[in-house]
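*Asks:* Just so it is clear, I am handing over model_25.cif, which has mmCIF, C-alpha atoms.
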data_coords
loop_
_atom_site.group_PDB
_atom_site.id
_atom_site.type_symbol
_atom_site.label_atom_id
_atom_site.label_comp_id
_atom_site.auth_asym_id
_atom_site.auth_seq_id
_atom_site.Cartn_x
_atom_site.Cartn_y
_atom_site.Cartn_z
ATOM 1 C CA MET F 1 -16.837 23.341 93.154
ATOM 2 C CA SER F 2 -16.496 20.149 95.152
ATOM 3 C CA GLU F 3 -16.612 19.835 98.929
ATOM 4 C CA ARG F 4 -15.295 16.276 98.652
ATOM 5 C CA VAL F 5 -12.121 15.022 100.268
ATOM 6 C CA PRO F 6 -9.296 14.892 97.691
ATOM 7 C CA ALA F 7 -8.648 11.636 95.877
ATOM 8 C CA PRO F 8 -6.264 9.215 97.633
ATOM 9 C CA GLY F 9 -2.543 8.943 96.966
ATOM 10 C CA GLY F 10 -1.182 10.170 93.667
ATOM 11 C CA LEU F 11 -4.694 10.601 92.309
ATOM 12 C CA ALA F 12 -4.816 13.912 94.205
ATOM 13 C CA LEU F 13 -2.351 15.282 91.617
ATOM 14 C CA VAL F 14 -4.516 14.012 88.764
ATOM 15 C CA GLU F 15 -7.664 15.414 90.377
ATOM 16 C CA ALA F 16 -6.008 18.808 90.818
ATOM 17 C CA LEU F 17 -4.909 18.814 87.164
ATOM 18 C CA VAL F 18 -8.316 17.852 85.771
ATOM 19 C CA ASN F 19 -9.984 20.475 87.949
ATOM 20 C CA THR F 20 -7.822 23.310 86.613
ATOM 21 C CA LEU F 21 -10.524 23.858 84.007
ATOM 22 C CA LEU F 22 -12.709 26.083 86.144
ATOM 23 C CA ASP F 23 -15.670 26.434 83.797
ATOM 24 C CA VAL F 24 -16.446 24.029 80.949
ATOM 25 C CA GLU F 25 -18.725 26.521 79.202
ATOM 26 C CA THR F 26 -16.486 29.619 79.290
ATOM 27 C CA GLY F 27 -13.138 27.825 79.174
ATOM 28 C CA ALA F 28 -11.852 29.633 82.277
ATOM 29 C CA ASP F 29 -8.595 27.860 83.024
ATOM 30 C CA SER F 30 -6.424 28.267 86.103
ATOM 31 C CA LEU F 31 -3.449 26.925 84.111
ATOM 32 C CA ASP F 32 -3.368 30.435 82.635
ATOM 33 C CA THR F 33 -1.983 31.719 85.952
ATOM 34 C CA PRO F 34 1.726 31.508 86.804
ATOM 35 C CA GLU F 35 0.945 30.294 90.345
ATOM 36 C CA VAL F 36 -0.965 27.242 89.150
ATOM 37 C CA ARG F 37 1.582 26.450 86.420
ATOM 38 C CA ALA F 38 4.295 26.564 89.094
ATOM 39 C CA ARG F 39 2.318 24.151 91.289
ATOM 40 C CA PHE F 40 2.459 21.591 88.463
ATOM 41 C CA GLY F 41 6.014 22.465 87.414
ATOM 42 C CA LEU F 42 4.858 23.792 84.040
ATOM 43 C CA THR F 43 6.077 26.558 81.790
ATOM 44 C CA GLU F 44 3.932 28.363 79.225
ATOM 45 C CA ASP F 45 5.500 26.130 76.563
ATOM 46 C CA ASP F 46 4.195 23.073 78.449
ATOM 47 C CA LEU F 47 0.570 24.255 78.377
ATOM 48 C CA PRO F 48 -0.639 22.626 75.138
ATOM 49 C CA ALA F 49 0.587 19.184 76.261
ATOM 50 C CA ALA F 50 -0.755 19.689 79.791
ATOM 51 C CA ARG F 51 -4.183 20.648 78.458
ATOM 52 C CA GLU F 52 -4.188 17.654 76.107
ATOM 53 C CA LEU F 53 -3.327 15.380 79.048
ATOM 54 C CA ARG F 54 -5.994 17.008 81.218
ATOM 55 C CA GLU F 55 -8.754 16.516 78.648
ATOM 56 C CA SER F 56 -7.686 12.940 77.927
ATOM 57 C CA LEU F 57 -7.885 12.252 81.666
ATOM 58 C CA ARG F 58 -11.330 13.870 81.797
ATOM 59 C CA ALA F 59 -12.565 11.605 78.968
ATOM 60 C CA THR F 60 -11.236 8.559 80.821
ATOM 61 C CA LEU F 61 -12.892 9.628 84.076
ATOM 62 C CA LEU F 62 -16.174 10.155 82.241
ATOM 63 C CA ALA F 63 -15.819 6.593 80.915
ATOM 64 C CA HIS F 64 -15.336 5.362 84.503
ATOM 65 C CA ALA F 65 -18.711 6.948 85.273
ATOM 66 C CA GLY F 66 -20.314 5.332 82.210
ATOM 67 C CA HIS F 67 -20.452 8.461 80.041
ATOM 68 C CA PRO F 68 -19.114 9.171 76.554
ATOM 69 C CA PRO F 69 -16.156 11.517 76.096
ATOM 70 C CA HIS F 70 -16.929 15.220 76.309
ATOM 71 C CA ARG F 71 -15.101 15.756 73.007
ATOM 72 C CA PRO F 72 -12.593 13.925 70.801
ATOM 73 C CA VAL F 73 -9.266 13.547 72.620
ATOM 74 C CA THR F 74 -6.004 11.669 72.296
ATOM 75 C CA PRO F 75 -6.461 8.351 74.132
ATOM 76 C CA LEU F 76 -4.891 8.465 77.591
ATOM 77 C CA GLY F 77 -2.920 5.285 76.938
ATOM 78 C CA GLU F 78 -1.147 6.937 74.001
ATOM 79 C CA LEU F 79 -0.119 9.915 76.110
ATOM 80 C CA LEU F 80 1.063 7.837 79.060
ATOM 81 C CA ALA F 81 3.006 5.425 76.823
ATOM 82 C CA ALA F 82 5.578 8.161 76.315
ATOM 83 C CA ALA F 83 6.027 8.707 80.070
ATOM 84 C CA PRO F 84 9.462 7.740 81.361
ATOM 85 C CA LEU F 85 8.943 5.591 84.483
ATOM 86 C CA VAL F 86 11.361 3.533 86.560
ATOM 87 C CA VAL F 87 10.891 0.954 89.272
ATOM 88 C CA ALA F 88 11.967 2.577 92.527
ATOM 89 C CA VAL F 89 12.843 0.233 95.397
ATOM 90 C CA ASP F 90 13.045 1.539 98.953
ATOM 91 C CA PRO F 91 16.251 0.141 100.512
ATOM 92 C CA ALA F 92 14.771 0.328 104.020
ATOM 93 C CA ASP F 93 11.801 -1.981 103.522
ATOM 94 C CA GLY F 94 12.150 -3.305 99.961
ATOM 95 C CA SER F 95 8.844 -1.828 98.810
ATOM 96 C CA ALA F 96 8.679 -1.021 95.118
ATOM 97 C CA ALA F 97 6.672 1.415 93.022
ATOM 98 C CA LEU F 98 6.712 2.935 89.583
ATOM 99 C CA ALA F 99 8.099 6.460 89.767
ATOM 100 C CA PRO F 100 8.826 9.203 87.250
ATOM 101 C CA ALA F 101 12.272 8.958 85.699
ATOM 102 C CA ARG F 102 14.786 11.746 86.195
ATOM 103 C CA ASP F 103 12.871 14.435 84.299
ATOM 104 C CA GLY F 104 9.746 14.139 86.475
ATOM 105 C CA SER F 105 7.503 15.537 83.729
ATOM 106 C CA LEU F 106 3.819 16.029 84.469
ATOM 107 C CA THR F 107 2.955 13.140 82.150
ATOM 108 C CA ALA F 108 5.367 10.844 84.006
ATOM 109 C CA ARG F 109 3.960 11.912 87.387
ATOM 110 C CA VAL F 110 0.427 11.239 86.146
ATOM 111 C CA ALA F 111 1.488 7.841 84.750
ATOM 112 C CA ALA F 112 3.018 6.938 88.126
ATOM 113 C CA ALA F 113 -0.193 8.028 89.891
ATOM 114 C CA VAL F 114 -2.312 5.904 87.554
ATOM 115 C CA ALA F 115 -0.039 2.898 88.121
ATOM 116 C CA GLU F 116 -0.264 3.401 91.900
ATOM 117 C CA ALA F 117 -4.063 3.626 91.685
ATOM 118 C CA LEU F 118 -4.244 0.461 89.583
ATOM 119 C CA VAL F 119 -2.244 -1.459 92.171
ATOM 120 C CA ALA F 120 -4.316 0.009 95.034
ATOM 121 C CA GLY F 121 -7.589 -0.758 93.238
ATOM 122 C CA THR F 122 -8.700 2.883 93.325
ATOM 123 C CA TRP F 123 -8.436 3.812 89.630
ATOM 124 C CA SER F 124 -11.964 2.760 88.619
ATOM 125 C CA ARG F 125 -13.539 4.837 91.422
ATOM 126 C CA PHE F 126 -11.917 7.984 90.080
ATOM 127 C CA LYS F 127 -14.605 9.667 87.959
ATOM 128 C CA ALA F 128 -15.795 12.864 86.325
ATOM 129 C CA CYS F 129 -19.044 14.546 87.318
ATOM 130 C CA GLU F 130 -21.864 13.682 84.948
ATOM 131 C CA ALA F 131 -23.194 17.270 84.874
ATOM 132 C CA ALA F 132 -22.536 18.529 81.340
ATOM 133 C CA ASP F 133 -21.579 21.977 82.622
ATOM 134 C CA CYS F 134 -19.152 20.604 85.225
ATOM 135 C CA HIS F 135 -17.173 17.395 84.482
ATOM 136 C CA TRP F 136 -14.950 17.938 87.534
ATOM 137 C CA ALA F 137 -12.885 14.987 88.732
ATOM 138 C CA TYR F 138 -13.774 13.346 92.030
ATOM 139 C CA TYR F 139 -13.043 10.132 93.887
ATOM 140 C CA ASP F 140 -16.223 8.098 94.383
ATOM 141 C CA ARG F 141 -16.325 6.982 98.014
ATOM 142 C CA SER F 142 -19.959 5.817 97.867
ATOM 143 C CA PRO F 143 -20.459 2.273 99.210
ATOM 144 C CA GLY F 144 -21.550 0.846 95.854
ATOM 145 C CA GLY F 145 -19.247 2.975 93.717
ATOM 146 C CA ARG F 146 -22.242 4.553 92.016
ATOM 147 C CA GLY F 147 -21.594 8.241 92.694
ATOM 148 C CA ARG F 148 -22.618 10.510 89.828
ATOM 149 C CA TRP F 149 -21.726 14.068 90.795
ATOM 150 C CA CYS F 150 -18.721 15.903 92.182
ATOM 151 C CA SER F 151 -21.063 17.569 94.666
ATOM 152 C CA MET F 152 -24.438 16.307 95.788
ATOM 153 C CA GLN F 153 -25.217 19.782 97.143
ATOM 154 C CA VAL F 154 -24.551 21.519 93.795
ATOM 155 C CA CYS F 155 -24.515 19.307 90.703
ATOM 156 C CA GLY F 156 -26.653 16.539 92.212
ATOM 157 C CA ALA F 157 -29.236 18.973 93.530
ATOM 158 C CA ARG F 158 -29.470 20.708 90.137
ATOM 159 C CA ALA F 159 -29.979 17.391 88.330
ATOM 160 C CA LYS F 160 -32.664 16.296 90.769
ATOM 161 C CA MET F 161 -34.447 19.649 90.464
ATOM 162 C CA ARG F 162 -34.379 19.401 86.645
ATOM 163 C CA ARG F 163 -35.934 15.920 86.818
ATOM 164 C CA TYR F 164 -38.566 17.107 89.268
ATOM 165 C CA ARG F 165 -39.497 20.097 87.089
ATOM 166 C CA ALA F 166 -39.634 17.889 83.972
ATOM 167 C CA LYS F 167 -42.191 15.664 85.720
ATOM 168 C CA GLU F 168 -44.397 18.680 86.516
ATOM 169 C CA ALA F 169 -44.320 20.036 82.956
#
Show me this structure written as structure tokens.

*Replies:*
Amino acid sequence: MSERVPAPGGLALVEALVNTLLDVETGADSLDTPEVRARFGLTEDDLPAARELRESLRATLLAHAGHPPHRPVTPLGELLAAAPLVVAVDPADGSAALAPARDGSLTARVAAAVAEALVAGTWSRFKACEAADCHWAYYDRSPGGRGRWCSMQVCGARAKMRRYRAKEA
């Protein structure tokens, strides 16, 4: 749905995961396809946990945008607390970062991306579209950090048209 540039760094993985739910209203889910599961390194057995993680992320991104959760979810902190991370130090330049431990599970990769975004100061600009029929993840690049929609041309235009029509009624 979004024409936006992908989120920076590891947040691109998180954005791609959140946006696997293609349609909030119908529940169309690209995680149902083998190609998309393979892209995230998931098996069919991993799907319930991946969907729980995705919806917990969505609730957190809605909170970043100042909106209540879309439905009750397991708090993101609880899910990420179980993620095995290690401190990886690059021998060439001594830089350090949190990285997934040996198993490289999706939860660990998401936890590492969140940690990277916290350090970079980009986590709070990562949001979910306020349109109730969308809730796609996007990175807010607006100067004041006040973006509201994943797409100004689609979700933003619809919201503005609804407000305009409500004024006329």

*Asks:* When the PyMOL selection byres ((chain F and resi 136) around 8) is applied to the structure above, which residues does it catch, written out as a list in words?

*Replies:*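 Given this file, the PyMOL selection byres ((chain F and resi 136) around 8) evaluates to Val18, Asn19, Arg58, Ala128, Cys129, Cys134, His135, Ala137, Tyr138 and Cys150 of chain F.
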
*Asks:* Which residues, named as in the file, does the PyMOL selection byres ((chain F and resi 6) around 10) pick out? Answer as a list of chain:residue names.

*Replies:*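 Taken over the shown coordinates, the PyMOL selection byres ((chain F and resi 6) around 10) returns F:Ser2, F:Glu3, F:Arg4, F:Val5, F:Ala7, F:Pro8, F:Gly9, F:Leu11, F:Ala12, F:Leu13, F:Glu15, F:Ala16, F:Ala137, F:Tyr138, F:Tyr139.
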
*Asks:* Quote the spacing between CA of Ala83 (chain F) and CA of Leu21 (chain F) in Å to one decimal place.

*Replies:*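 Those two atoms sit 22.8 Å apart.
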
*Asks:* If the PyMOL selection byres ((chain F and resi 88-103) around 12) is run on the structure shown, which residues does it catch, given as a VMD selection string?

*Replies:* chain F and resid 10 41 80 82 to 87 104 to 120

*Asks:* Provide the CA of Thr122 (chain F) to CA of Ala28 (chain F) distance in Å, to one decimal place.

*Replies:* 29.1 Å

*Asks:* Mind pulling up the distance from CA of Leu42 (chain F) to CA of Arg125 (chain F)?

*Replies:*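 Spanning CA of Arg125 (chain F) to CA of Leu42 (chain F) is a straight-line distance of 27.4 Å.
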
*Asks:* Which of these residues is nearest to Leu57 (chain F), using all atoms listed in the file: F:Val24, F:Ala131, F:Ala81, F:Val14?

*Replies:*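 Result for the nearest residue to Leu57 (chain F): F:Val14.
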
*Asks:* From the options F:Gly66, F:Pro34, F:Gly121, F:Pro75, which residue's atoms come nearest to Arg146 (chain F), counting all atoms listed in the file?

*Replies:*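 Comparing F:Gly66, F:Pro34, F:Gly121, F:Pro75 against Arg146 (chain F), the winner is F:Gly66.
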
*Asks:* Can you fill out region 114-145 of chain F with N, CA and C atoms and hand it back as a CSV table (one decimal), in the coordinates of the input?

*Replies:*
chain,number,residue,atom,x,y,z
F,114,VAL,N,-1.4,6.9,88.1
F,114,VAL,CA,-2.3,5.9,87.6
F,114,VAL,C,-1.9,4.5,87.9
F,115,ALA,N,-0.6,4.2,87.8
F,115,ALA,CA,0.0,2.9,88.1
F,115,ALA,C,-0.3,2.6,89.6
F,116,GLU,N,0.0,3.6,90.5
F,116,GLU,CA,-0.3,3.4,91.9
F,116,GLU,C,-1.7,3.1,92.2
F,117,ALA,N,-2.6,3.8,91.5
F,117,ALA,CA,-4.1,3.6,91.7
F,117,ALA,C,-4.5,2.3,91.2
F,118,LEU,N,-3.9,1.8,90.1
F,118,LEU,CA,-4.2,0.5,89.6
F,118,LEU,C,-3.9,-0.6,90.6
F,119,VAL,N,-2.7,-0.5,91.2
F,119,VAL,CA,-2.2,-1.5,92.2
F,119,VAL,C,-3.1,-1.4,93.4
F,120,ALA,N,-3.5,-0.2,93.8
F,120,ALA,CA,-4.3,0.0,95.0
F,120,ALA,C,-5.8,-0.3,94.8
F,121,GLY,N,-6.2,-0.5,93.5
F,121,GLY,CA,-7.6,-0.8,93.2
F,121,GLY,C,-8.5,0.5,93.3
F,122,THR,N,-7.9,1.7,93.2
F,122,THR,CA,-8.7,2.9,93.3
F,122,THR,C,-9.0,3.6,92.0
F,123,TRP,N,-8.3,3.1,90.9
F,123,TRP,CA,-8.4,3.8,89.6
F,123,TRP,C,-9.9,3.9,89.1
F,124,SER,N,-10.6,2.8,89.2
F,124,SER,CA,-12.0,2.8,88.6
F,124,SER,C,-13.0,3.6,89.4
F,125,ARG,N,-12.6,4.0,90.6
F,125,ARG,CA,-13.5,4.8,91.4
F,125,ARG,C,-13.3,6.3,91.2
F,126,PHE,N,-12.3,6.6,90.4
F,126,PHE,CA,-11.9,8.0,90.1
F,126,PHE,C,-12.7,8.4,88.8
F,127,LYS,N,-13.6,9.4,89.0
F,127,LYS,CA,-14.6,9.7,88.0
F,127,LYS,C,-14.7,11.2,87.7
F,128,ALA,N,-15.5,11.5,86.6
F,128,ALA,CA,-15.8,12.9,86.3
F,128,ALA,C,-17.3,13.1,86.5
F,129,CYS,N,-17.6,14.2,87.1
F,129,CYS,CA,-19.0,14.5,87.3
F,129,CYS,C,-19.9,14.4,86.0
F,130,GLU,N,-21.0,13.9,86.1
F,130,GLU,CA,-21.9,13.7,84.9
F,130,GLU,C,-22.5,15.0,84.5
F,131,ALA,N,-22.6,16.0,85.3
F,131,ALA,CA,-23.2,17.3,84.9
F,131,ALA,C,-22.4,17.8,83.7
F,132,ALA,N,-23.2,18.1,82.6
F,132,ALA,CA,-22.5,18.5,81.3
F,132,ALA,C,-21.8,19.9,81.5
F,133,ASP,N,-22.2,20.7,82.4
F,133,ASP,CA,-21.6,22.0,82.6
F,133,ASP,C,-20.5,21.9,83.7
F,134,CYS,N,-20.1,20.7,84.1
F,134,CYS,CA,-19.2,20.6,85.2
F,134,CYS,C,-18.0,19.7,84.8
F,135,HIS,N,-18.2,18.4,84.8
F,135,HIS,CA,-17.2,17.4,84.5
F,135,HIS,C,-15.9,17.5,85.4
F,136,TRP,N,-16.1,17.9,86.6
F,136,TRP,CA,-15.0,17.9,87.5
F,136,TRP,C,-14.6,16.5,87.9
F,137,ALA,N,-13.3,16.3,88.3
F,137,ALA,CA,-12.9,15.0,88.7
F,137,ALA,C,-13.2,14.8,90.2
F,138,TYR,N,-13.6,13.6,90.6
F,138,TYR,CA,-13.8,13.3,92.0
F,138,TYR,C,-13.5,11.9,92.3
F,139,TYR,N,-13.2,11.5,93.5
F,139,TYR,CA,-13.0,10.1,93.9
F,139,TYR,C,-14.3,9.7,94.5
F,140,ASP,N,-14.9,8.6,93.9
F,140,ASP,CA,-16.2,8.1,94.4
F,140,ASP,C,-16.0,7.2,95.6
F,141,ARG,N,-16.4,7.7,96.8
F,141,ARG,CA,-16.3,7.0,98.0
F,141,ARG,C,-17.7,6.3,98.4
F,142,SER,N,-18.7,6.4,97.5
F,142,SER,CA,-20.0,5.8,97.9
F,142,SER,C,-19.8,4.3,98.0
F,143,PRO,N,-20.6,3.7,98.9
F,143,PRO,CA,-20.5,2.3,99.2
F,143,PRO,C,-20.5,1.4,98.0
F,144,GLY,N,-21.4,1.7,97.0
F,144,GLY,CA,-21.6,0.8,95.9
F,144,GLY,C,-20.8,1.3,94.7
F,145,GLY,N,-20.0,2.4,94.8
F,145,GLY,CA,-19.2,3.0,93.7
F,145,GLY,C,-20.1,3.5,92.6
